Amino acid sequence: DTGVSQDPRHKITKRGQNVTFRCDPISEHNRLYWYRQTLGQGPEFLTYFQNEAQLEKSRLLSDRFSAERPKGSFSTLEIQRTEQGDSAMYLCASSHTMQGGGYGYTFGSGTRLTVV
Amino acid sequence: AQSVTQLDSHVSVSEGTPVLLRCNYSSSYSPSLFWYVQHPNKGLQLLLKYTSAATLVKGINGFEAEFKKSETSFHLTKPSAHMSDAAEYFCVVIARDAGNMLTFGGGTRLMVKP
C-alpha cells in the first residue's frame with residue numbers, strides 16, 4: 001500500500017462517548033501529522049510526531065484529546081467525552097524529513113466524526 | 001507567524017473559460033507556498049508548490065501559480081476550466097521552523113458550469 005490509511009472512514013457517536021481513530025502512514029515516512037477540518041473551513045493543525053516523539057501540539061488539542069504513535073509506526077487519536085463541537089473531518093498526513101515539507105506530504109482520506 | 005487568505009469562498013466559471021483563484025499570504029520570512037485540491041470524499045492532493053526558485057510555478061492538470069512578493073500574492077490560474085476541476089482548493093503556507101506544519105487558507109470552492 002503506497003498511501004496513508006485512516007480508519008474508520010465515518011464514525012457517529014453520542015455526546016459524552018470516547019472515540020479512537022487510527023492512521024497508518026507510508027511506511028518509510030518518519031513524520032506523522034493530525035489535522036482537523038470543520039465544514040466549510042480549511043484543515044487546522046492539531047499535532048505531529050517525528051518517529052514516536054510528539055513534538056508539537058496545537059492549542060486546539062484540549063485535554064480531552066490524546067494522540068500516540070507507539071514504535072513510530074501507526075498513530076491513534078483519541079477524543080474523550082466527545083462534544084458536538086468535535087464533529088469534523090480528522091485528517092492524517094505523513095512525510096519524511098529528508099523530503100521537502102509540503103511536497104512530501106501525503107494525506108489520508110480522513111475520518112469523519114459526527115457527534116449526536 | 002504565517003497566514004494565508006483566500007479572497008473568494010466560491011468561484012463559478014463556465015467550462016472552457018479561464019480560472020483564477022486568489023490567495024494572499026503573510027509571512028515573517030521568505031515563504032514556501034502550496035496549492036492543494038480536495039475533491040469530495042477524496043484526500044488532499046498537491047497541485048503545485050513554490051519554494052523560492054522560479055516565481056511562476058507549473059503544477060498538475062494545467063494549473064499554474066505566480067509568486068509575487070511585492071503583492072504578497074500566490075494566485076492560482078488555469079487557461080481553460082474542465083468539469084473535472086470542480087473541487088475545493090486550498091492555498092497553504094508551511095512553517096519550516098515548526099516541524100513543517102501547514103497553515104491552510106479557508107478554501108475556495110470552484111464550480112464549473114457546462
# chains A, B, ... in the order shown; residues from 1 in each chain; ligands from 1

call {"tool": "interface_residues", "arguments": {"of": "chain A", "to": "chain B", "cutoff": "10 Å", "atoms": "only C-alpha atoms", "output": "tab-separated table (two decimals) with C-alpha atoms, in the first residue's frame"}}
result
chain	number	residue	atom	x	y	z
A	4	VAL	CA	-1.94	6.87	4.08
A	9	ARG	CA	-13.91	6.45	7.38
A	31	ARG	CA	6.72	12.30	10.41
A	33	TYR	CA	0.54	14.84	11.36
A	35	TYR	CA	-5.30	17.97	11.20
A	40	GLY	CA	-16.54	24.98	5.12
A	41	GLN	CA	-13.10	25.58	6.61
A	42	GLY	CA	-9.54	24.66	5.77
A	43	PRO	CA	-7.76	22.00	7.79
A	44	GLU	CA	-6.19	23.11	11.08
A	45	PHE	CA	-3.08	21.62	12.58
A	46	LEU	CA	-3.53	19.53	15.72
A	47	THR	CA	-0.27	17.74	16.43
A	48	TYR	CA	2.67	15.97	14.85
A	49	PHE	CA	5.13	13.19	15.60
A	50	GLN	CA	8.64	12.57	14.46
A	55	LEU	CA	6.95	17.32	19.04
A	56	GLU	CA	4.19	19.88	18.66
A	91	LEU	CA	-7.08	14.14	8.58
A	92	CYS	CA	-3.80	12.33	8.94
A	93	ALA	CA	-0.72	13.01	6.82
A	95	SER	CA	6.10	12.89	5.32
A	97	THR	CA	12.24	14.84	6.95
A	100	GLY	CA	10.81	18.99	1.22
A	101	GLY	CA	7.95	19.80	3.53
A	102	GLY	CA	4.63	20.07	1.78
A	103	TYR	CA	5.91	18.45	-1.35
A	104	GLY	CA	6.49	15.28	0.60
A	105	TYR	CA	3.19	15.32	2.47
A	106	THR	CA	0.70	12.56	1.73
A	107	PHE	CA	-2.78	12.95	3.20
A	108	GLY	CA	-5.22	10.21	4.06
A	109	SER	CA	-8.88	10.43	3.11
A	110	GLY	CA	-9.85	11.29	6.67
A	112	ARG	CA	-15.50	11.97	9.51

call {"tool": "residues_around", "arguments": {"residues": "A:Glu68", "least_positions_apart": "5", "cutoff": "7 Å", "atoms": "only C-alpha atoms", "output": "VMD selection string"}}
result
chain A and resid 75 to 77

call {"tool": "write_last_selection", "arguments": {"atoms": "all heavy atoms", "output": "compact mmCIF listing (two decimals), in the first residue's frame"}}
result
# COMPACT_ATOMS: atom_id res chain seq x y z
N SER A 75 -0.51 5.63 14.18
CA SER A 75 -0.86 6.58 15.24
C SER A 75 -2.33 6.45 15.56
O SER A 75 -3.14 6.05 14.71
CB SER A 75 -0.55 8.01 14.79
OG SER A 75 -0.98 8.96 15.75
N THR A 76 -2.67 6.78 16.81
CA THR A 76 -4.07 6.85 17.21
C THR A 76 -4.36 8.22 17.79
O THR A 76 -3.49 8.86 18.40
CB THR A 76 -4.43 5.78 18.26
OG1 THR A 76 -3.58 5.94 19.40
CG2 THR A 76 -4.27 4.38 17.70
N LEU A 77 -5.58 8.68 17.53
CA LEU A 77 -6.08 9.93 18.09
C LEU A 77 -7.34 9.59 18.87
O LEU A 77 -8.30 9.06 18.29
CB LEU A 77 -6.38 10.94 16.98
CG LEU A 77 -6.96 12.28 17.43
CD1 LEU A 77 -5.94 13.08 18.21
CD2 LEU A 77 -7.43 13.09 16.21

call {"tool": "atom_distance", "arguments": {"atom1": "atom CA of B:Val112", "atom2": "atom CA of B:Thr77"}}
result
14.0 Å

call {"tool": "residues_around", "arguments": {"residues": "stretch 79-84 of chain A", "least_positions_apart": "6", "cutoff": "8 Å", "atoms": "only C-alpha atoms", "output": "ChimeraX atom specification"}}
result
/A:14-20,64-66,114-116

call {"tool": "write_last_selection", "arguments": {"atoms": "N, CA and C atoms", "output": "mmCIF file, in the first residue's frame"}}
result
data_model
loop_
_atom_site.group_PDB
_atom_site.id
_atom_site.type_symbol
_atom_site.label_atom_id
_atom_site.label_comp_id
_atom_site.auth_asym_id
_atom_site.auth_seq_id
_atom_site.Cartn_x
_atom_site.Cartn_y
_atom_site.Cartn_z
ATOM 1 N N LYS A 14 -22.424 9.183 20.281
ATOM 2 C CA LYS A 14 -23.248 10.024 21.133
ATOM 3 C C LYS A 14 -22.359 10.919 21.976
ATOM 4 N N ARG A 15 -22.846 12.081 22.257
ATOM 5 C CA ARG A 15 -22.119 13.027 23.097
ATOM 6 C C ARG A 15 -21.740 12.361 24.414
ATOM 7 N N GLY A 16 -20.487 12.582 24.805
ATOM 8 C CA GLY A 16 -20.007 12.010 26.051
ATOM 9 C C GLY A 16 -19.253 10.713 25.905
ATOM 10 N N GLN A 17 -19.377 10.080 24.728
ATOM 11 C CA GLN A 17 -18.654 8.839 24.489
ATOM 12 C C GLN A 17 -17.212 9.125 24.070
ATOM 13 N N ASN A 18 -16.366 8.116 24.219
ATOM 14 C CA ASN A 18 -14.989 8.213 23.755
ATOM 15 C C ASN A 18 -14.870 7.592 22.369
ATOM 16 N N VAL A 19 -14.005 8.161 21.540
ATOM 17 C CA VAL A 19 -13.755 7.602 20.212
ATOM 18 C C VAL A 19 -12.252 7.560 19.965
ATOM 19 N N THR A 20 -11.844 6.620 19.156
ATOM 20 C CA THR A 20 -10.429 6.491 18.779
ATOM 21 C C THR A 20 -10.321 6.284 17.280
ATOM 22 N N ARG A 64 -9.015 16.757 26.417
ATOM 23 C CA ARG A 64 -9.824 15.586 26.053
ATOM 24 C C ARG A 64 -9.225 14.814 24.878
ATOM 25 N N PHE A 65 -8.270 15.433 24.210
ATOM 26 C CA PHE A 65 -7.641 14.815 23.048
ATOM 27 C C PHE A 65 -6.279 14.242 23.438
ATOM 28 N N SER A 66 -6.002 13.056 22.953
ATOM 29 C CA SER A 66 -4.668 12.498 23.147
ATOM 30 C C SER A 66 -4.275 11.727 21.897
ATOM 31 N N THR A 114 -19.112 12.430 13.555
ATOM 32 C CA THR A 114 -20.368 13.137 13.845
ATOM 33 C C THR A 114 -20.766 12.813 15.276
ATOM 34 N N VAL A 115 -20.903 13.842 16.081
ATOM 35 C CA VAL A 115 -21.320 13.670 17.476
ATOM 36 C C VAL A 115 -22.777 14.110 17.602
ATOM 37 N N VAL A 116 -23.641 13.180 18.033
ATOM 38 C CA VAL A 116 -25.074 13.493 18.100
ATOM 39 C C VAL A 116 -25.530 13.601 19.555
#

call {"tool": "atom_distance", "arguments": {"atom1": "atom CA of A:Asp7", "atom2": "atom CA of B:Asn61"}}
result
29.6 Å

call {"tool": "select_by_dssp", "arguments": {"residues": "chain B", "states": "strand (DSSP E or B)", "output": "number ranges by chain"}}
result
B: 3-6, 10-14, 19-21, 23-26, 33-38, 44-50, 56-58, 64-68, 73-78, 87-95, 101-104, 108-113

call {"tool": "residues_around", "arguments": {"residues": "B:Ala1", "least_positions_apart": "2", "cutoff": "7 Å", "atoms": "only C-alpha atoms", "output": "tab-separated table (two decimals) with N, CA, C and O atoms, in the first residue's frame"}}
result
chain	number	residue	atom	x	y	z
B	3	SER	N	0.28	33.25	7.66
B	3	SER	CA	-1.12	33.02	7.38
B	3	SER	C	-1.36	33.18	5.89
B	3	SER	O	-0.54	33.76	5.17
B	27	SER	N	3.90	36.44	5.89
B	27	SER	CA	4.97	35.62	6.45
B	27	SER	C	6.09	36.51	6.93
B	27	SER	O	6.42	37.50	6.28
B	28	SER	N	6.70	36.13	8.03
B	28	SER	CA	7.80	36.91	8.58
B	28	SER	C	9.11	36.60	7.87
B	28	SER	O	10.11	37.27	8.09

call {"tool": "select_by_dssp", "arguments": {"residues": "chain A", "states": "helix (DSSP H, G or I)", "output": "ChimeraX atom specification"}}
result
/A:70-72,84-86

call {"tool": "write_last_selection", "arguments": {"atoms": "N, CA and C atoms", "output": "compact mmCIF listing (two decimals), in the first residue's frame"}}
result
# COMPACT_ATOMS: atom_id res chain seq x y z
N PRO A 70 3.02 4.82 19.04
CA PRO A 70 3.95 3.84 19.59
C PRO A 70 4.82 3.23 18.50
N LYS A 71 6.09 3.10 18.81
CA LYS A 71 7.04 2.46 17.89
C LYS A 71 7.21 3.24 16.60
N GLY A 72 6.71 4.44 16.54
CA GLY A 72 6.93 5.26 15.36
C GLY A 72 6.26 4.78 14.09
N GLN A 84 -20.43 18.04 20.78
CA GLN A 84 -20.91 18.29 19.41
C GLN A 84 -19.91 19.10 18.60
N GLY A 85 -19.18 19.96 19.27
CA GLY A 85 -18.17 20.76 18.58
C GLY A 85 -16.99 19.95 18.05
N ASP A 86 -16.90 18.71 18.45
CA ASP A 86 -15.83 17.85 17.94
C ASP A 86 -16.16 17.29 16.56

call {"tool": "atom_distance", "arguments": {"atom1": "atom CA of A:Lys11", "atom2": "atom CA of A:Leu32"}}
result
21.5 Å

call {"tool": "residues_around", "arguments": {"residues": "stretch 80-84 of chain B", "least_positions_apart": "4", "cutoff": "9 Å", "atoms": "only C-alpha atoms", "output": "list in words"}}
result
Val13, Ser14, Glu15, Gly16, Thr17, Pro18, Val19, Gly62, Met111, Val112, Lys113 and Pro114 of chain B

call {"tool": "residues_around", "arguments": {"residues": "A:Met89", "least_positions_apart": "4", "cutoff": "6 Å", "atoms": "only C-alpha atoms", "output": "JSON, numbers by chain"}}
result
{"A": [36, 37, 111, 112]}

call {"tool": "write_last_selection", "arguments": {"atoms": "C-alpha atoms", "output": "mmCIF file, in the first residue's frame"}}
result
data_model
loop_
_atom_site.group_PDB
_atom_site.id
_atom_site.type_symbol
_atom_site.label_atom_id
_atom_site.label_comp_id
_atom_site.auth_asym_id
_atom_site.auth_seq_id
_atom_site.Cartn_x
_atom_site.Cartn_y
_atom_site.Cartn_z
ATOM 1 C CA ARG A 36 -8.959 18.760 11.825
ATOM 2 C CA GLN A 37 -11.282 20.173 9.171
ATOM 3 C CA THR A 111 -12.226 10.092 9.374
ATOM 4 C CA ARG A 112 -15.499 11.974 9.508
#

call {"tool": "residues_around", "arguments": {"residues": "stretch 70-76 of chain B", "least_positions_apart": "6", "cutoff": "7 Å", "atoms": "only C-alpha atoms", "output": "list in words"}}
result
Leu20, Leu21, Arg22, Cys23, Asn24, Tyr25, Ser26, Phe63 and Glu64 of chain B

call {"tool": "write_last_selection", "arguments": {"atoms": "C-alpha atoms", "output": "short mmCIF file (atom, residue, chain, number, x, y, z; two decimals), in the first residue's frame"}}
result
data_model
loop_
_atom_site.label_atom_id
_atom_site.label_comp_id
_atom_site.auth_asym_id
_atom_site.auth_seq_id
_atom_site.Cartn_x
_atom_site.Cartn_y
_atom_site.Cartn_z
CA LEU B 20 -8.44 32.49 -11.25
CA LEU B 21 -8.34 31.60 -7.55
CA ARG B 22 -6.82 34.33 -5.40
CA CYS B 23 -4.53 33.93 -2.39
CA ASN B 24 -2.63 36.47 -0.32
CA TYR B 25 -0.08 35.43 2.26
CA SER B 26 1.59 36.88 5.31
CA PHE B 63 -2.71 24.69 -13.24
CA GLU B 64 -0.03 27.27 -12.53
#
